There are 2 protein chains.
Amino acid sequence: MLDHDNRDDAATELGWQAQKSAATRNAILDSAISCIVEHGYRGATTTAIAQKAGLSRGAMLHHFPSKLDIVRGAVEHLHKKRLKAFRKAMTRSSEGGQDRVLLGVDAFFDHVRHPLFVAFLELSVAARTDPELAGILKPTAEAFEREWYQTAKEVFPEWQGRDEQFDIALDLSRYVMEGLAISSLTHRGGDRDRRVLRYLADKLHELRDA
Amino acid sequence: MLDHDNRDDAATELGWQAQKSAATRNAILDSAISCIVEHGYRGATTTAIAQKAGLSRGAMLHHFPSKLDIVRGAVEHLHKKRLKAFRKAMTRSSEGGQDRVLLGVDAFFDHVRHPLFVAFLELSVAARTDPELAGILKPTAEAFEREWYQTAKEVFPEWQGRDEQFDIALDLSRYVMEGLAISSLTHRGGDRDRRVLRYLADKLHELRDA
DNA sequence: ATTGAAACCGACAGCGCTGACTGTTACTTT
DNA sequence: AAAGTAACAGTCAGCGCTGTCGGTTTCAAT
């Protein structure tokens, strides 16, 4: 009765249906994020999401009864992926034993140029004029920020005891990076952007060694 | 034939109709910007714009045949208003003879917290996924940046001859400010933001006196 | 094998937005 | 005074998006 085909594989443990269900749910949420990146939040229609996910609208609305449910799931999904990517980039940058600050700056810069950040930006802007979305996004964004802060602290233990400088370094980096990211939406940043990043890295060194 | 009622008043010189036409055109463009701030770019429908401007949709479509025409006008309108506000704030800050850098930082910070900047941000983000809007916005944004740069140079003549430091100071300020502005869409910036601004002002002093 | 449920599809009605059209009033020209 | 033009209003059809509903196939349980 309960002995013949489970308990050996973490994947099949759930049974075929549940497994497939989880797979299509993931496909839908990935598609939703892609569509937000590609068409903007308001342009990410259920039709487009279903099409890119490879199923019919009816099927999709079986997994997520309404568009708001998709958004809820997508925001959560995005949060996890973004945090994971950030962790990976940061820990990898901490392994190359050279200039950890410089590597961190590069990793962070890649982070804000990544499509996942674009999706988050799109959601943030849309949430400003969409109370329902704001209600979904706000707690998740706050959680992200906390975990992001925690991760940064773990990756850079050499700032131990210099809390104030570290906070300033983090905030400064974040604002410069995000400002750079949105500005690069309209204008093509070339040498001047690189110069600012070099200056930023310089100041981060100062803050660490001060 | 050409002697009886013009040539005396700059306002009536245009005649009643042309004058009223210009007034309603302005009202429409103001309303468009307001609606973008209030409902986002995609939410700024012709219905909402006409209503807030105080006329019927039909009347509005007499002045601007299509929505794209409204957008064209609004972008231009926004550009002028933003530049004017920036100039005013900057020159005013340069008059108070105390710490010009600090006053400039404050003025700039006010600038990115102003609704006009929100409108511009909304347009920038929307333009990422809307080629038609991008075609309208891009040249105007580039012009704004050039004139903005020029104004800054005029207002702060004491940086004369320190071009590289000045460019870094400007870019740094801009990215920090804009990053701060978009971050404040989601999270409530309190003391930490003030601390970063103080740090920024500090570094600007360094750049000037280095 | 049969019953039940879950994944999936296609069609439908409702709604908001856009742009085109006709009609009305006020001003301008000769 | 009459003809012409500009400002304005209201209605209409077309289109895309959302959410609901009935129908079909595939898996799971007895």
# chains A, B, ... in the order shown; residues from 1 in each chain; ligands from 1

$ residues_around --residues "region 104-108 of chain B" --least-positions-apart "4" --cutoff "7 Å" --atoms "only C-alpha atoms (C1' of nucleotides)" --output "number ranges by chain"
B: 89-90, 93, 100, 112, 201

$ write_last_selection --atoms "N, CA and C atoms" --output "PDB file, in the first residue's frame"
ATOM      1  N   ALA B  89      16.054  76.514  -8.913  1.00  0.00           N
ATOM      2  CA  ALA B  89      16.546  75.981  -7.646  1.00  0.00           C
ATOM      3  C   ALA B  89      18.048  76.172  -7.521  1.00  0.00           C
ATOM      4  N   MET B  90      18.759  75.956  -8.615  1.00  0.00           N
ATOM      5  CA  MET B  90      20.210  76.021  -8.563  1.00  0.00           C
ATOM      6  C   MET B  90      20.713  77.452  -8.408  1.00  0.00           C
ATOM      7  N   SER B  93      20.055  78.586  -4.934  1.00  0.00           N
ATOM      8  CA  SER B  93      20.985  78.021  -3.963  1.00  0.00           C
ATOM      9  C   SER B  93      22.352  78.687  -4.064  1.00  0.00           C
ATOM     10  N   ARG B 100      27.940  76.548  -0.664  1.00  0.00           N
ATOM     11  CA  ARG B 100      27.268  76.372  -1.953  1.00  0.00           C
ATOM     12  C   ARG B 100      27.078  74.900  -2.311  1.00  0.00           C
ATOM     13  N   VAL B 112      14.832  65.778  -7.336  1.00  0.00           N
ATOM     14  CA  VAL B 112      14.457  64.395  -7.641  1.00  0.00           C
ATOM     15  C   VAL B 112      13.273  63.918  -6.801  1.00  0.00           C
ATOM     16  N   ALA B 201      27.962  65.077   0.335  1.00  0.00           N
ATOM     17  CA  ALA B 201      28.390  66.478   0.389  1.00  0.00           C
ATOM     18  C   ALA B 201      29.850  66.572   0.803  1.00  0.00           C
TER      19      ALA B 201
END

$ closest_atom_pairs --of "chain D" --to "chain A" --cutoff "8 Å" --atoms "only C-alpha atoms (C1' of nucleotides)" --output "JSON lines"
{"residue": "D:DC17", "atom": "C1'", "partner": "A:Thr45", "partner_atom": "CA", "distance": 7.2}
{"residue": "D:DG19", "atom": "C1'", "partner": "A:Ser66", "partner_atom": "CA", "distance": 7.4}
{"residue": "D:DC27", "atom": "C1'", "partner": "A:Gln17", "partner_atom": "CA", "distance": 7.0}

$ write_last_selection --atoms "N, CA, C and O atoms (P, O5', C5', C4', C3', O3' and C1' of nucleotides)" --output "PDB file, in the first residue's frame"
ATOM      1  P    DC D  17      -3.918  42.320 -25.264  1.00  0.00           P
ATOM      2  O5'  DC D  17      -4.676  42.253 -23.865  1.00  0.00           O
ATOM      3  C5'  DC D  17      -4.766  43.423 -23.057  1.00  0.00           C
ATOM      4  C4'  DC D  17      -5.713  43.170 -21.905  1.00  0.00           C
ATOM      5  C3'  DC D  17      -5.519  41.822 -21.225  1.00  0.00           C
ATOM      6  O3'  DC D  17      -5.278  41.992 -19.832  1.00  0.00           O
ATOM      7  C1'  DC D  17      -7.804  42.139 -21.788  1.00  0.00           C
ATOM      8  P    DG D  19      -8.581  38.745 -13.817  1.00  0.00           P
ATOM      9  O5'  DG D  19      -9.951  37.921 -13.842  1.00  0.00           O
ATOM     10  C5'  DG D  19     -11.170  38.640 -13.762  1.00  0.00           C
ATOM     11  C4'  DG D  19     -12.332  37.722 -14.112  1.00  0.00           C
ATOM     12  C3'  DG D  19     -12.277  36.328 -13.465  1.00  0.00           C
ATOM     13  O3'  DG D  19     -13.584  35.990 -13.043  1.00  0.00           O
ATOM     14  C1'  DG D  19     -12.535  36.119 -15.784  1.00  0.00           C
ATOM     15  P    DC D  27      -0.654  10.464 -18.457  1.00  0.00           P
ATOM     16  O5'  DC D  27      -0.993  10.168 -16.915  1.00  0.00           O
ATOM     17  C5'  DC D  27      -0.581  11.082 -15.930  1.00  0.00           C
ATOM     18  C4'  DC D  27      -1.500  11.031 -14.727  1.00  0.00           C
ATOM     19  C3'  DC D  27      -1.272   9.855 -13.764  1.00  0.00           C
ATOM     20  O3'  DC D  27      -0.858  10.335 -12.510  1.00  0.00           O
ATOM     21  C1'  DC D  27      -3.582  10.233 -14.153  1.00  0.00           C
TER      22       DC D  27
END

$ interface_residues --of "chain A" --to "chain B" --cutoff "9 Å" --atoms "only C-alpha atoms" --output "PyMOL selection string"
chain A and resi 37-40+42-43+121-122+124-130+134+137-138+141-142+167-169+171-183+185-187+192-193+195-196+199-200+203

$ write_last_selection --atoms "C-alpha atoms" --output "PDB file, in the first residue's frame"
ATOM      1  CA  VAL A  37      10.895  42.349 -18.530  1.00  0.00           C
ATOM      2  CA  GLU A  38       9.856  42.237 -22.150  1.00  0.00           C
ATOM      3  CA  HIS A  39       6.601  44.194 -22.171  1.00  0.00           C
ATOM      4  CA  GLY A  40       6.548  46.016 -18.862  1.00  0.00           C
ATOM      5  CA  ARG A  42       1.061  46.606 -17.647  1.00  0.00           C
ATOM      6  CA  GLY A  43       1.986  44.903 -20.888  1.00  0.00           C
ATOM      7  CA  LEU A 121      12.316  48.016 -11.125  1.00  0.00           C
ATOM      8  CA  GLU A 122       9.294  47.572 -13.346  1.00  0.00           C
ATOM      9  CA  SER A 124       8.460  49.030  -8.098  1.00  0.00           C
ATOM     10  CA  VAL A 125       7.417  51.730 -10.509  1.00  0.00           C
ATOM     11  CA  ALA A 126       4.104  50.065 -11.259  1.00  0.00           C
ATOM     12  CA  ALA A 127       3.434  49.619  -7.550  1.00  0.00           C
ATOM     13  CA  ARG A 128       3.617  53.349  -7.052  1.00  0.00           C
ATOM     14  CA  THR A 129       0.263  53.773  -8.794  1.00  0.00           C
ATOM     15  CA  ASP A 130      -1.209  50.327  -8.131  1.00  0.00           C
ATOM     16  CA  ALA A 134       2.086  47.633  -3.681  1.00  0.00           C
ATOM     17  CA  LEU A 137       5.445  43.923  -3.317  1.00  0.00           C
ATOM     18  CA  LYS A 138       6.170  45.888  -0.179  1.00  0.00           C
ATOM     19  CA  ALA A 141      10.885  43.945  -0.971  1.00  0.00           C
ATOM     20  CA  GLU A 142      11.507  44.656   2.682  1.00  0.00           C
ATOM     21  CA  ASP A 167      26.308  50.976   6.358  1.00  0.00           C
ATOM     22  CA  ILE A 168      27.439  54.032   4.493  1.00  0.00           C
ATOM     23  CA  ALA A 169      29.431  51.903   2.074  1.00  0.00           C
ATOM     24  CA  ASP A 171      23.962  52.485   0.977  1.00  0.00           C
ATOM     25  CA  LEU A 172      26.300  54.463  -1.190  1.00  0.00           C
ATOM     26  CA  SER A 173      27.011  51.486  -3.412  1.00  0.00           C
ATOM     27  CA  ARG A 174      23.389  50.648  -3.705  1.00  0.00           C
ATOM     28  CA  TYR A 175      22.252  54.117  -4.646  1.00  0.00           C
ATOM     29  CA  VAL A 176      25.032  54.651  -7.138  1.00  0.00           C
ATOM     30  CA  MET A 177      24.381  51.283  -8.728  1.00  0.00           C
ATOM     31  CA  GLU A 178      20.645  51.710  -8.944  1.00  0.00           C
ATOM     32  CA  GLY A 179      20.929  55.248 -10.203  1.00  0.00           C
ATOM     33  CA  LEU A 180      23.365  54.030 -12.796  1.00  0.00           C
ATOM     34  CA  ALA A 181      20.971  51.272 -13.768  1.00  0.00           C
ATOM     35  CA  ILE A 182      17.984  53.514 -14.369  1.00  0.00           C
ATOM     36  CA  SER A 183      20.038  56.132 -16.135  1.00  0.00           C
ATOM     37  CA  LEU A 185      17.698  52.973 -19.531  1.00  0.00           C
ATOM     38  CA  THR A 186      17.793  56.192 -21.487  1.00  0.00           C
ATOM     39  CA  HIS A 187      21.386  57.164 -22.079  1.00  0.00           C
ATOM     40  CA  ARG A 192      32.008  58.353 -17.503  1.00  0.00           C
ATOM     41  CA  ASP A 193      30.164  55.492 -15.852  1.00  0.00           C
ATOM     42  CA  ARG A 195      35.009  56.505 -13.963  1.00  0.00           C
ATOM     43  CA  VAL A 196      32.288  56.809 -11.369  1.00  0.00           C
ATOM     44  CA  TYR A 199      35.743  56.448  -7.837  1.00  0.00           C
ATOM     45  CA  LEU A 200      33.181  54.488  -5.864  1.00  0.00           C
ATOM     46  CA  LYS A 203      35.904  55.505  -1.616  1.00  0.00           C
TER      47      LYS A 203
END

$ interface_residues --of "chain C" --to "chain B" --cutoff "8 Å" --atoms "only C-alpha atoms (C1' of nucleotides)" --output "list in words"
DC17, DG19 and DC27 of chain C

$ residues_around --residues "region 1-12 of chain D" --least-positions-apart "5" --cutoff "12 Å" --atoms "only C-alpha atoms (C1' of nucleotides)" --output "MDAnalysis selection string"
(chainID B and resid 16:22 24:25 54:63) or (chainID C and resid 18:30)
